[in-house]
file entry26.cif (mmCIF, C-alpha atoms)
data_work
loop_
_atom_site.label_atom_id
_atom_site.label_comp_id
_atom_site.auth_asym_id
_atom_site.auth_seq_id
_atom_site.Cartn_x
_atom_site.Cartn_y
_atom_site.Cartn_z
CA MET M 1085 128.63 110.91 133.91
CA LYS M 1086 125.80 112.73 135.66
CA THR M 1087 125.60 113.93 139.25
CA TYR M 1088 122.64 115.04 141.35
CA ARG M 1089 122.48 116.73 144.77
CA ASP M 1090 119.49 117.12 147.05
CA PHE M 1091 118.56 117.13 150.73
CA LEU M 1092 116.14 115.27 152.97
CA ILE M 1093 115.05 117.43 155.91
CA MET M 1094 114.44 115.51 159.14
CA ARG M 1095 112.77 116.57 162.39
CA THR M 1096 112.16 113.98 165.07
CA GLU M 1097 109.76 114.11 168.02
CA GLN M 1098 112.11 112.22 170.33
CA LYS M 1099 115.72 112.81 171.36
CA LEU M 1100 116.60 109.26 170.21
CA GLU M 1101 114.47 108.11 167.28
CA ILE M 1102 115.04 105.64 164.46
CA ARG M 1103 112.95 106.03 161.29
CA ASP M 1104 112.54 104.08 158.02
CA ILE M 1105 113.45 106.50 155.17
CA THR M 1106 113.67 104.00 152.28
CA LYS M 1107 110.70 105.58 150.47
CA GLU M 1108 112.00 109.15 150.81
CA VAL M 1109 115.43 108.13 149.47
CA SER M 1110 113.81 106.34 146.51
CA GLN M 1111 111.81 109.48 145.71
CA VAL M 1112 114.99 111.59 145.57
CA LEU M 1113 116.62 108.98 143.33
CA ALA M 1114 113.64 109.16 140.95
CA LYS M 1115 113.99 112.97 140.77
CA SER M 1116 117.70 112.62 139.92
CA GLY M 1117 117.03 110.90 136.58
CA ILE M 1118 120.09 108.70 137.21
CA THR M 1119 119.34 105.02 136.57
CA ASP M 1120 122.73 103.31 137.04
CA GLY M 1121 125.46 104.17 139.57
CA ILE M 1122 125.64 104.86 143.30
CA LEU M 1123 123.80 107.00 145.83
CA LEU M 1124 125.65 108.53 148.78
CA LEU M 1125 123.41 109.24 151.79
CA PHE M 1126 125.35 111.65 153.99
CA PRO M 1127 123.88 113.41 157.07
CA HIS M 1128 125.33 116.90 157.48
CA HIS M 1129 125.52 116.29 161.23
CA THR M 1130 127.62 114.32 163.71
CA SER M 1131 124.88 113.30 166.14
CA ALA M 1132 122.84 111.34 163.59
CA ALA M 1133 123.53 108.42 161.26
CA VAL M 1134 122.03 106.34 158.47
CA TYR M 1135 122.28 102.56 158.34
CA LEU M 1136 120.75 99.46 156.75
CA SER M 1137 118.89 96.78 158.64
CA ASP M 1138 116.00 94.33 158.47
CA SER M 1139 112.48 95.60 157.80
CA ASP M 1140 111.27 94.26 161.19
CA ARG M 1141 110.74 97.37 163.32
CA SER M 1142 111.51 95.56 166.58
CA LEU M 1143 115.20 95.59 165.63
CA THR M 1144 115.31 99.38 165.88
CA GLY M 1145 114.42 99.04 169.58
CA ASP M 1146 117.11 96.41 170.07
CA PHE M 1147 119.68 98.60 168.31
CA GLY M 1148 118.81 101.69 170.36
CA GLU M 1149 119.14 99.66 173.57
CA LEU M 1150 122.47 98.19 172.48
CA LEU M 1151 123.92 101.65 171.81
CA THR M 1152 122.65 102.94 175.15
CA ARG M 1153 124.19 99.96 176.96
CA LEU M 1154 127.58 100.39 175.23
CA ILE M 1155 127.55 104.20 175.61
CA PRO M 1156 125.71 105.11 178.84
CA GLU M 1157 125.29 108.69 180.06
CA GLY M 1158 128.30 109.71 182.16
CA ALA M 1159 131.18 112.14 182.62
CA TYR M 1160 132.35 112.90 179.07
CA GLN M 1161 134.89 115.63 178.25
CA HIS M 1162 132.64 117.01 175.49
CA ASN M 1163 129.92 117.81 178.01
CA LEU M 1164 132.29 120.19 179.85
CA SER M 1165 132.69 122.32 176.71
CA ASP M 1166 129.26 122.08 175.07
CA ASP M 1167 125.94 123.26 176.51
CA LYS M 1168 123.97 120.68 174.56
CA GLN M 1169 125.30 117.83 176.80
CA ASN M 1170 125.14 115.51 173.81
CA ALA M 1171 128.43 113.58 174.00
CA THR M 1172 126.62 110.23 173.90
CA ALA M 1173 124.76 111.32 170.74
CA HIS M 1174 128.07 111.92 168.92
CA LEU M 1175 129.56 108.64 170.16
CA LYS M 1176 126.47 106.65 169.13
CA SER M 1177 126.74 108.15 165.64
CA LEU M 1178 130.39 107.02 165.46
CA LEU M 1179 129.64 103.39 166.34
CA THR M 1180 126.67 103.32 163.93
CA GLY M 1181 128.74 104.49 161.00
CA HIS M 1182 127.27 107.85 159.85
CA HIS M 1183 126.81 107.47 156.05
CA LEU M 1184 125.83 104.91 153.40
CA VAL M 1185 126.75 104.17 149.79
CA LEU M 1186 123.82 102.45 148.03
CA PRO M 1187 123.90 100.74 144.62
CA VAL M 1188 121.53 102.05 141.92
CA THR M 1189 120.42 99.72 139.09
CA GLU M 1190 117.71 100.21 136.46
CA GLY M 1191 116.48 103.35 138.20
CA SER M 1192 115.99 101.81 141.66
CA LEU M 1193 117.91 101.31 144.89
CA ASP M 1194 119.49 97.86 144.42
CA LEU M 1195 118.70 96.43 147.87
CA GLY M 1196 118.04 92.93 149.20
CA VAL M 1197 114.43 91.86 149.82
CA TYR M 1198 114.41 92.79 153.52
CA GLN M 1199 116.92 95.65 153.42
CA THR M 1200 115.58 98.90 154.80
CA VAL M 1201 117.29 102.31 155.07
CA TYR M 1202 117.09 103.84 158.55
CA TYR M 1203 117.77 107.34 159.84
CA ALA M 1204 119.07 107.17 163.42
CA GLU M 1205 118.68 110.44 165.30
CA PHE M 1206 120.54 110.67 168.61
CA ASP M 1207 120.00 114.37 169.46
CA GLY M 1208 116.69 115.21 167.86
CA GLN M 1209 113.80 117.65 168.14
CA ARG M 1210 115.46 120.13 165.75
CA ASP M 1211 115.84 120.32 161.95
CA LYS M 1212 118.60 118.24 160.41
CA GLU M 1213 119.66 117.70 156.81
CA ILE M 1214 120.72 114.54 154.99
CA LEU M 1215 122.67 115.22 151.80
CA VAL M 1216 121.81 112.87 148.92
CA LYS M 1217 124.48 112.76 146.22
CA VAL M 1218 123.90 110.51 143.19
CA ILE M 1219 126.55 109.79 140.55
CA GLY M 1220 126.12 107.61 137.48
CA GLU M 1221 124.27 107.66 134.20
CA MET W 216 131.73 106.04 132.53
CA LYS W 217 131.15 102.29 132.70
CA THR W 218 129.28 100.28 135.31
CA TYR W 219 129.27 96.56 136.06
CA ARG W 220 127.02 94.46 138.33
CA ASP W 221 127.56 90.91 139.52
CA PHE W 222 127.03 88.68 142.57
CA LEU W 223 129.15 86.51 144.81
CA ILE W 224 127.12 83.62 146.24
CA MET W 225 128.10 82.60 149.77
CA ARG W 226 127.18 79.53 151.83
CA THR W 227 128.87 78.96 155.16
CA GLU W 228 129.14 75.77 157.17
CA GLN W 229 128.90 77.55 160.53
CA LYS W 230 126.34 79.97 161.94
CA LEU W 231 129.14 82.50 162.63
CA GLU W 232 131.94 82.28 160.09
CA ILE W 233 134.47 84.80 158.76
CA ARG W 234 136.05 84.13 155.34
CA ASP W 235 138.75 85.80 153.21
CA ILE W 236 137.10 86.76 149.88
CA THR W 237 139.84 88.99 148.43
CA LYS W 238 140.51 86.61 145.54
CA GLU W 239 136.83 86.20 144.61
CA VAL W 240 136.33 89.99 144.59
CA SER W 241 139.42 90.45 142.39
CA GLN W 242 138.04 87.89 139.93
CA VAL W 243 134.76 89.82 139.60
CA LEU W 244 136.72 93.04 139.07
CA ALA W 245 138.70 91.39 136.25
CA LYS W 246 135.44 90.31 134.58
CA SER W 247 134.12 93.88 134.76
CA GLY W 248 136.79 95.26 132.43
CA ILE W 249 136.88 98.43 134.56
CA THR W 250 140.45 99.47 135.39
CA ASP W 251 140.05 102.77 137.25
CA GLY W 252 137.30 103.75 139.69
CA ILE W 253 135.62 102.21 142.72
CA LEU W 254 134.07 98.85 143.65
CA LEU W 255 131.09 98.67 146.00
CA LEU W 256 130.79 95.37 147.88
CA PHE W 257 127.24 95.21 149.20
CA PRO W 258 125.70 92.11 150.86
CA HIS W 259 121.98 91.85 150.05
CA HIS W 260 121.36 90.79 153.66
CA THR W 261 121.27 92.35 157.13
CA SER W 262 122.81 89.48 159.12
CA ALA W 263 126.14 89.51 157.26
CA ALA W 264 128.83 92.11 156.59
CA VAL W 265 132.05 92.73 154.69
CA TYR W 266 135.06 94.43 156.23
CA LEU W 267 138.81 94.95 155.82
CA SER W 268 141.42 93.65 158.22
CA ASP W 269 144.93 92.24 158.47
CA SER W 270 145.82 89.05 156.58
CA ASP W 271 146.60 87.23 159.87
CA ARG W 272 143.72 84.77 160.30
CA SER W 273 143.94 84.84 164.11
CA LEU W 274 142.34 88.29 164.06
CA THR W 275 139.09 86.84 162.71
CA GLY W 276 138.80 84.80 165.92
CA ASP W 277 139.49 87.87 168.04
CA PHE W 278 136.89 89.88 166.12
CA GLY W 279 134.23 87.18 166.43
CA GLU W 280 134.85 86.98 170.19
CA LEU W 281 134.70 90.77 170.56
CA LEU W 282 131.31 90.91 168.81
CA THR W 283 129.97 88.05 170.94
CA ARG W 284 131.17 89.79 174.12
CA LEU W 285 129.59 93.15 173.15
CA ILE W 286 126.36 91.52 171.86
CA PRO W 287 125.65 88.37 173.91
CA GLU W 288 122.59 86.18 173.39
CA GLY W 289 119.68 87.49 175.45
CA ALA W 290 116.12 88.81 175.44
CA TYR W 291 115.87 90.90 172.26
CA GLN W 292 112.58 92.31 170.93
CA HIS W 293 113.32 90.97 167.43
CA ASN W 294 113.33 87.40 168.74
CA LEU W 295 109.69 87.78 169.87
CA SER W 296 108.59 88.51 166.29
CA ASP W 297 110.94 86.37 164.20
CA ASP W 298 111.25 82.58 164.27
CA LYS W 299 114.89 82.66 163.22
CA GLN W 300 115.95 83.98 166.66
CA ASN W 301 118.75 85.90 164.97
CA ALA W 302 118.67 89.31 166.67
CA THR W 303 122.35 89.12 167.59
CA ALA W 304 123.24 88.35 163.95
CA HIS W 305 121.60 91.61 162.81
CA LEU W 306 123.20 93.63 165.62
CA LYS W 307 126.66 92.20 164.88
CA SER W 308 126.25 93.20 161.24
CA LEU W 309 125.41 96.76 162.33
CA LEU W 310 128.53 97.17 164.49
CA THR W 311 130.73 95.64 161.76
CA GLY W 312 129.54 98.09 159.13
CA HIS W 313 127.81 96.01 156.39
CA HIS W 314 129.39 97.24 153.10
CA LEU W 315 132.72 98.42 151.65
CA VAL W 316 133.86 100.87 148.97
CA LEU W 317 137.21 99.76 147.53
CA PRO W 318 139.50 101.78 145.25
CA VAL W 319 140.36 100.35 141.82
CA THR W 320 143.59 101.39 140.08
CA GLU W 321 145.27 99.97 136.98
CA GLY W 322 142.83 97.05 136.91
CA SER W 323 143.37 95.88 140.51
CA LEU W 324 141.96 96.44 143.97
CA ASP W 325 144.13 99.26 145.35
CA LEU W 326 144.77 97.82 148.84
CA GLY W 327 147.61 98.07 151.33
CA VAL W 328 150.11 95.19 151.56
CA TYR W 329 148.34 93.39 154.42
CA GLN W 330 144.77 94.46 153.66
CA THR W 331 142.38 91.56 153.21
CA VAL W 332 138.66 91.59 152.38
CA TYR W 333 136.54 89.49 154.75
CA TYR W 334 132.97 88.24 154.55
CA ALA W 335 131.49 87.99 158.04
CA GLU W 336 128.49 85.70 158.24
CA PHE W 337 126.45 85.89 161.46
CA ASP W 338 123.47 83.69 160.53
CA GLY W 339 124.85 81.20 158.06
CA GLN W 340 124.19 77.76 156.64
CA ARG W 341 121.97 79.14 153.86
CA ASP W 342 122.69 80.87 150.53
CA LYS W 343 123.46 84.57 150.62
CA GLU W 344 124.35 87.07 147.90
CA ILE W 345 126.92 89.85 147.87
CA LEU W 346 126.25 92.47 145.18
CA VAL W 347 129.39 93.75 143.46
CA LYS W 348 128.91 97.08 141.70
CA VAL W 349 131.87 98.63 139.86
CA ILE W 350 131.87 102.15 138.41
CA GLY W 351 134.71 103.80 136.53
CA GLU W 352 136.49 103.52 133.22
CA MET D 349 134.55 111.02 134.07
CA LYS D 350 137.88 111.91 135.68
CA THR D 351 139.75 110.08 138.42
CA TYR D 352 142.61 111.21 140.65
CA ARG D 353 144.84 109.26 143.05
CA ASP D 354 147.17 110.60 145.73
CA PHE D 355 148.42 109.81 149.23
CA LEU D 356 148.54 111.56 152.58
CA ILE D 357 151.53 110.39 154.63
CA MET D 358 150.92 110.22 158.38
CA ARG D 359 153.34 109.83 161.28
CA THR D 360 152.05 110.19 164.82
CA GLU D 361 153.98 110.87 168.02
CA GLN D 362 151.72 108.68 170.14
CA LYS D 363 150.62 105.05 169.81
CA LEU D 364 146.96 106.16 169.95
CA GLU D 365 146.44 109.60 168.40
CA ILE D 366 143.47 111.27 166.71
CA ARG D 367 144.16 114.17 164.34
CA ASP D 368 142.02 116.63 162.34
CA ILE D 369 142.99 116.18 158.65
CA THR D 370 140.16 118.17 157.01
CA LYS D 371 142.58 120.78 155.62
CA GLU D 372 145.01 118.21 154.17
CA VAL D 373 142.15 116.35 152.45
CA SER D 374 140.83 119.61 150.98
CA GLN D 375 144.29 120.39 149.60
CA VAL D 376 144.44 117.03 147.79
CA LEU D 377 140.96 117.64 146.39
CA ALA D 378 142.09 121.03 145.04
CA LYS D 379 145.06 119.36 143.30
CA SER D 380 142.74 116.81 141.66
CA GLY D 381 140.92 119.43 139.60
CA ILE D 382 137.67 117.48 140.16
CA THR D 383 134.82 119.76 141.22
CA ASP D 384 131.80 117.44 141.38
CA GLY D 385 131.69 113.80 142.52
CA ILE D 386 132.97 111.82 145.48
CA LEU D 387 136.25 111.44 147.38
CA LEU D 388 137.23 108.09 148.90
CA LEU D 389 139.60 108.38 151.88
CA PHE D 390 141.13 104.93 152.34
CA PRO D 391 144.00 104.17 154.78
CA HIS D 392 146.29 101.46 153.39
CA HIS D 393 146.47 99.95 156.89
CA THR D 394 144.29 97.94 159.26
CA SER D 395 145.35 99.55 162.53
CA ALA D 396 144.18 103.05 161.61
CA ALA D 397 140.88 104.59 160.51
CA VAL D 398 139.28 107.79 159.28
CA TYR D 399 135.96 109.08 160.55
CA LEU D 400 133.77 112.18 160.76
CA SER D 401 132.87 113.95 163.99
CA ASP D 402 132.21 117.32 165.56
CA SER D 403 134.89 120.01 165.46
CA ASP D 404 135.09 120.09 169.29
CA ARG D 405 138.44 118.45 170.10
CA SER D 406 137.22 117.12 173.47
CA LEU D 407 135.20 114.47 171.61
CA THR D 408 138.39 112.84 170.33
CA GLY D 409 139.34 112.13 173.95
CA ASP D 410 135.89 110.71 174.68
CA PHE D 411 136.06 108.51 171.57
CA GLY D 412 139.54 107.18 172.42
CA GLU D 413 138.35 106.33 175.94
CA LEU D 414 135.22 104.61 174.64
CA LEU D 415 137.27 102.39 172.32
CA THR D 416 139.72 101.51 175.11
CA ARG D 417 136.81 100.62 177.43
CA LEU D 418 135.11 98.40 174.82
CA ILE D 419 138.41 96.81 173.67
CA PRO D 420 140.79 96.61 176.66
CA GLU D 421 144.26 95.07 176.47
CA GLY D 422 144.07 91.33 177.10
CA ALA D 423 144.75 87.85 175.76
CA TYR D 424 144.04 88.08 172.03
CA GLN D 425 144.88 85.30 169.55
CA HIS D 426 146.57 87.79 167.20
CA ASN D 427 149.15 88.65 169.85
CA LEU D 428 150.35 85.02 169.89
CA SER D 429 151.26 85.22 166.18
CA ASP D 430 152.42 88.81 165.76
CA ASP D 431 155.37 90.49 167.47
CA LYS D 432 153.78 93.91 167.32
CA GLN D 433 151.22 92.96 170.03
CA ASN D 434 148.71 95.25 168.35
CA ALA D 435 145.48 93.20 168.38
CA THR D 436 143.55 96.01 170.08
CA ALA D 437 144.73 98.46 167.37
CA HIS D 438 143.19 96.28 164.64
CA LEU D 439 139.95 95.78 166.60
CA LYS D 440 139.61 99.52 167.33
CA SER D 441 139.98 100.19 163.59
CA LEU D 442 137.18 97.70 162.87
CA LEU D 443 134.70 99.33 165.27
CA THR D 444 135.60 102.82 164.00
CA GLY D 445 134.93 101.92 160.38
CA HIS D 446 138.23 102.32 158.45
CA HIS D 447 137.32 104.46 155.38
CA LEU D 448 135.09 107.36 154.31
CA VAL D 449 133.23 108.42 151.17
CA LEU D 450 132.88 112.21 151.10
CA PRO D 451 130.68 114.24 148.73
CA VAL D 452 132.38 116.84 146.49
CA THR D 453 130.38 119.84 145.21
CA GLU D 454 131.57 123.00 143.44
CA GLY D 455 135.20 122.07 144.10
CA SER D 456 134.90 121.60 147.88
CA LEU D 457 134.20 118.84 150.39
CA ASP D 458 130.42 119.05 150.88
CA LEU D 459 130.35 118.79 154.69
CA GLY D 460 128.02 120.12 157.39
CA VAL D 461 129.06 123.22 159.35
CA TYR D 462 130.66 121.32 162.24
CA GLN D 463 131.78 118.20 160.37
CA THR D 464 135.48 117.49 160.68
CA VAL D 465 137.54 114.66 159.12
CA TYR D 466 139.67 112.77 161.65
CA TYR D 467 142.55 110.34 161.25
CA ALA D 468 142.54 107.83 164.11
CA GLU D 469 145.87 106.08 164.61
CA PHE D 470 145.83 103.06 166.92
CA ASP D 471 149.39 101.76 166.38
CA GLY D 472 151.43 104.83 165.55
CA GLN D 473 154.99 106.15 165.63
CA ARG D 474 155.71 104.84 162.12
CA ASP D 475 154.85 106.06 158.59
CA LYS D 476 151.39 105.26 157.29
CA GLU D 477 149.64 106.11 154.04
CA ILE D 478 146.07 107.22 153.37
CA LEU D 479 144.99 106.70 149.77
CA VAL D 480 142.83 109.51 148.38
CA LYS D 481 140.81 108.53 145.32
CA VAL D 482 138.57 111.14 143.67
CA ILE D 483 136.07 110.36 140.91
CA GLY D 484 133.81 112.84 139.16
CA GLU D 485 134.08 115.74 136.75
#

call {"tool": "encode", "arguments": {"input": "entry26.cif", "output": "structure tokens"}}
result
Amino acid sequence: MKTYRDFLIMRTEQKLEIRDITKEVSQVLAKSGITDGILLLFPHHTSAAVYLSDSDRSLTGDFGELLTRLIPEGAYQHNLSDDKQNATAHLKSLLTGHHLVLPVTEGSLDLGVYQTVYYAEFDGQRDKEILVKVIGE
Amino acid sequence: MKTYRDFLIMRTEQKLEIRDITKEVSQVLAKSGITDGILLLFPHHTSAAVYLSDSDRSLTGDFGELLTRLIPEGAYQHNLSDDKQNATAHLKSLLTGHHLVLPVTEGSLDLGVYQTVYYAEFDGQRDKEILVKVIGE
Amino acid sequence: MKTYRDFLIMRTEQKLEIRDITKEVSQVLAKSGITDGILLLFPHHTSAAVYLSDSDRSLTGDFGELLTRLIPEGAYQHNLSDDKQNATAHLKSLLTGHHLVLPVTEGSLDLGVYQTVYYAEFDGQRDKEILVKVIGE
């Protein structure tokens, strides 16, 4: 069994921004030399998330609006104890799901035709790290 | 380390349909010959999901109603660019969580007494594939 | 490849209670002797969940309130067939996400600085088990 560990460094221009990172993840997988197994995509933060969705970019707008409707700005306990006032960013990360486990087959991400890997940033405009851990052979 | 890759093919009668697939997943695991490790259950689609819940079927109705209440039909950006008009199907998949990682011990799925594996289809009536990837020994 | 299997036993004082279990998970990892790979944290129940969030405890209150707002008590089908009247507990577990896959590097959980592992109990005051499955080397 082989393992590989690397990071993707993210910096967004907006506070809430959703970005297609499929290509960047595939490049890290290629560097790993692992051709069969799984890839864990794990942001080292709690106000960001990774998720899978359709390649149609319009869905990222719909998803951002859904999260903002379910979790509007308001009087959260966390904002009394934290200067960053980012309670909704943490809660949006929780509903989105945080990390992904992706199948790896014959040296590639084993995704469906339209499946796209997205990075969802809910408290951006500063550097963040996504851990990539690959295990397999 | 051994790996195994297979597919479950799903076709639902309804647009929104939730189905117990525990037995089908166990059958694929038996074919794999892997007795200790993990099983990744990964739909190759973004308008379906797999999740774990109680064996009581009534909960699937409650869960479907919850998703429809949180994500009602409406004016989504995705529906302007896609003929299938299935924005809510994609968004329901996102809140449900898409894929599962299941423990494998002594040749079986290592689940709690009432734990049941469900396939949640949000845009059905056509063939869909669930990738099953097993790694272990 | 090595695998390791163990359980954390949980008993909460409240019906809905969220608890930091990062230290307990790290102790199981140390017992496993596995220093590089992944750790699957998998409650053997469908009315509890594990998730990652910020170390600030106030967020657990905000998250509990969010779940109760999205999934209020009401007339659920499950409550007609189950004496425990715990439909909302199951549905809260579904939106939270149930299980976690954590990276393991150099013998430790490979988490970000503020990342904390939480056990979310939605139908407590009785014994529950969290399966810990570690695979790696």

call {"tool": "resolve_selection", "arguments": {"input": "entry26.cif", "expression": "the PyMOL selection byres ((chain D) within 7 of (chain W))", "output": "VMD selection string"}}
result
chain D and resid 349 351 392 to 394 424 to 426 439 442 to 443 445 481 483

call {"tool": "write_last_selection", "arguments": {"input": "entry26.cif", "atoms": "C-alpha atoms", "output": "PDB file, in the coordinates of the input"}}
result
ATOM      1  CA  MET D 349     134.550 111.020 134.070  1.00  0.00           C
ATOM      2  CA  THR D 351     139.750 110.080 138.420  1.00  0.00           C
ATOM      3  CA  HIS D 392     146.290 101.460 153.390  1.00  0.00           C
ATOM      4  CA  HIS D 393     146.470  99.950 156.890  1.00  0.00           C
ATOM      5  CA  THR D 394     144.290  97.940 159.260  1.00  0.00           C
ATOM      6  CA  TYR D 424     144.040  88.080 172.030  1.00  0.00           C
ATOM      7  CA  GLN D 425     144.880  85.300 169.550  1.00  0.00           C
ATOM      8  CA  HIS D 426     146.570  87.790 167.200  1.00  0.00           C
ATOM      9  CA  LEU D 439     139.950  95.780 166.600  1.00  0.00           C
ATOM     10  CA  LEU D 442     137.180  97.700 162.870  1.00  0.00           C
ATOM     11  CA  LEU D 443     134.700  99.330 165.270  1.00  0.00           C
ATOM     12  CA  GLY D 445     134.930 101.920 160.380  1.00  0.00           C
ATOM     13  CA  LYS D 481     140.810 108.530 145.320  1.00  0.00           C
ATOM     14  CA  ILE D 483     136.070 110.360 140.910  1.00  0.00           C
TER      15      ILE D 483
END

call {"tool": "residues_near_point", "arguments": {"input": "entry26.cif", "point": "(125.2, 82.0, 159.6)", "cutoff": "7 Å", "atoms": "all atoms listed in the file", "output": "PyMOL selection string"}}
result
chain W and resi 227+229-232+336-340

call {"tool": "atom_distance", "arguments": {"input": "entry26.cif", "atom1": "atom CA of Leu479 of chain D", "atom2": "atom CA of Leu346 of chain W"}}
result
24.0 Å

call {"tool": "atom_distance", "arguments": {"input": "entry26.cif", "atom1": "atom CA of Ala335 of chain W", "atom2": "atom CA of Asp297 of chain W"}}
result
21.5 Å

call {"tool": "residues_near_point", "arguments": {"input": "entry26.cif", "point": "(136.7, 83.3, 156.0)", "cutoff": "7 Å", "atoms": "all atoms listed in the file", "output": "VMD selection string"}}
result
chain W and resid 232 to 235 333 to 334

call {"tool": "closest_residue", "arguments": {"input": "entry26.cif", "among": "W:Gln242, W:Ser308, W:Thr303, W:Thr250", "to": "Glu321 of chain W", "atoms": "only C-alpha atoms"}}
result
W:Thr250

call {"tool": "atom_distance", "arguments": {"input": "entry26.cif", "atom1": "atom CA of Arg1095 of chain M", "atom2": "atom CA of Phe257 of chain W"}}
result
29.0 Å

call {"tool": "resolve_selection", "arguments": {"input": "entry26.cif", "expression": "the PyMOL selection byres ((chain D and resi 353) around 6)", "output": "ChimeraX atom specification"}}
result
/D:352,354,480-481

call {"tool": "closest_residue", "arguments": {"input": "entry26.cif", "among": "M:Leu1164, M:Val1112, M:Ile1118, M:Leu1124", "to": "Ile1093 of chain M", "atoms": "all atoms listed in the file"}}
result
M:Val1112

call {"tool": "resolve_selection", "arguments": {"input": "entry26.cif", "expression": "the PyMOL selection byres ((chain M and resi 1213) around 7)", "output": "PyMOL selection string"}}
result
chain M and resi 1091-1094+1127-1128+1211-1212+1214-1215

call {"tool": "closest_residue", "arguments": {"input": "entry26.cif", "among": "D:Ala396, D:Leu457, D:Ala423, D:Val465", "to": "Ser374 of chain D", "atoms": "all atoms listed in the file"}}
result
D:Leu457

call {"tool": "decode", "arguments": {"input": "entry26.cif", "residues": "segment 266-301 of chain W", "atoms": "C-alpha atoms", "output": "PDB file, in the first residue's frame"}}
result
ATOM      1  CA  TYR W 266     -27.302   7.665   2.680  1.00  0.00           C
ATOM      2  CA  LEU W 267     -27.787   5.646   5.871  1.00  0.00           C
ATOM      3  CA  SER W 268     -30.929   5.674   7.961  1.00  0.00           C
ATOM      4  CA  ASP W 269     -33.205   3.552  10.127  1.00  0.00           C
ATOM      5  CA  SER W 270     -34.817   0.421   8.665  1.00  0.00           C
ATOM      6  CA  ASP W 271     -38.321   1.871   9.246  1.00  0.00           C
ATOM      7  CA  ARG W 272     -39.585   2.722   5.750  1.00  0.00           C
ATOM      8  CA  SER W 273     -41.785   5.573   7.009  1.00  0.00           C
ATOM      9  CA  LEU W 274     -38.646   7.670   7.498  1.00  0.00           C
ATOM     10  CA  THR W 275     -38.008   7.721   3.748  1.00  0.00           C
ATOM     11  CA  GLY W 276     -41.322   9.560   3.324  1.00  0.00           C
ATOM     12  CA  ASP W 277     -40.401  12.028   6.061  1.00  0.00           C
ATOM     13  CA  PHE W 278     -36.990  12.632   4.484  1.00  0.00           C
ATOM     14  CA  GLY W 279     -38.437  13.187   1.004  1.00  0.00           C
ATOM     15  CA  GLU W 280     -40.933  15.700   2.432  1.00  0.00           C
ATOM     16  CA  LEU W 281     -38.206  17.515   4.387  1.00  0.00           C
ATOM     17  CA  LEU W 282     -36.089  17.933   1.246  1.00  0.00           C
ATOM     18  CA  THR W 283     -39.087  19.167  -0.755  1.00  0.00           C
ATOM     19  CA  ARG W 284     -39.946  21.681   1.988  1.00  0.00           C
ATOM     20  CA  LEU W 285     -36.358  23.017   2.203  1.00  0.00           C
ATOM     21  CA  ILE W 286     -35.891  23.029  -1.607  1.00  0.00           C
ATOM     22  CA  PRO W 287     -39.262  23.771  -3.272  1.00  0.00           C
ATOM     23  CA  GLU W 288     -39.720  24.086  -7.029  1.00  0.00           C
ATOM     24  CA  GLY W 289     -39.035  27.649  -8.137  1.00  0.00           C
ATOM     25  CA  ALA W 290     -36.953  29.958 -10.329  1.00  0.00           C
ATOM     26  CA  TYR W 291     -33.465  28.425 -10.308  1.00  0.00           C
ATOM     27  CA  GLN W 292     -30.645  29.608 -12.598  1.00  0.00           C
ATOM     28  CA  HIS W 293     -29.877  26.019 -13.647  1.00  0.00           C
ATOM     29  CA  ASN W 294     -33.360  25.654 -15.143  1.00  0.00           C
ATOM     30  CA  LEU W 295     -32.628  28.516 -17.582  1.00  0.00           C
ATOM     31  CA  SER W 296     -29.682  26.593 -19.070  1.00  0.00           C
ATOM     32  CA  ASP W 297     -30.814  22.971 -18.853  1.00  0.00           C
ATOM     33  CA  ASP W 298     -33.836  21.418 -20.561  1.00  0.00           C
ATOM     34  CA  LYS W 299     -34.260  18.787 -17.864  1.00  0.00           C
ATOM     35  CA  GLN W 300     -35.554  21.415 -15.379  1.00  0.00           C
ATOM     36  CA  ASN W 301     -33.957  19.419 -12.571  1.00  0.00           C
TER      37      ASN W 301
END
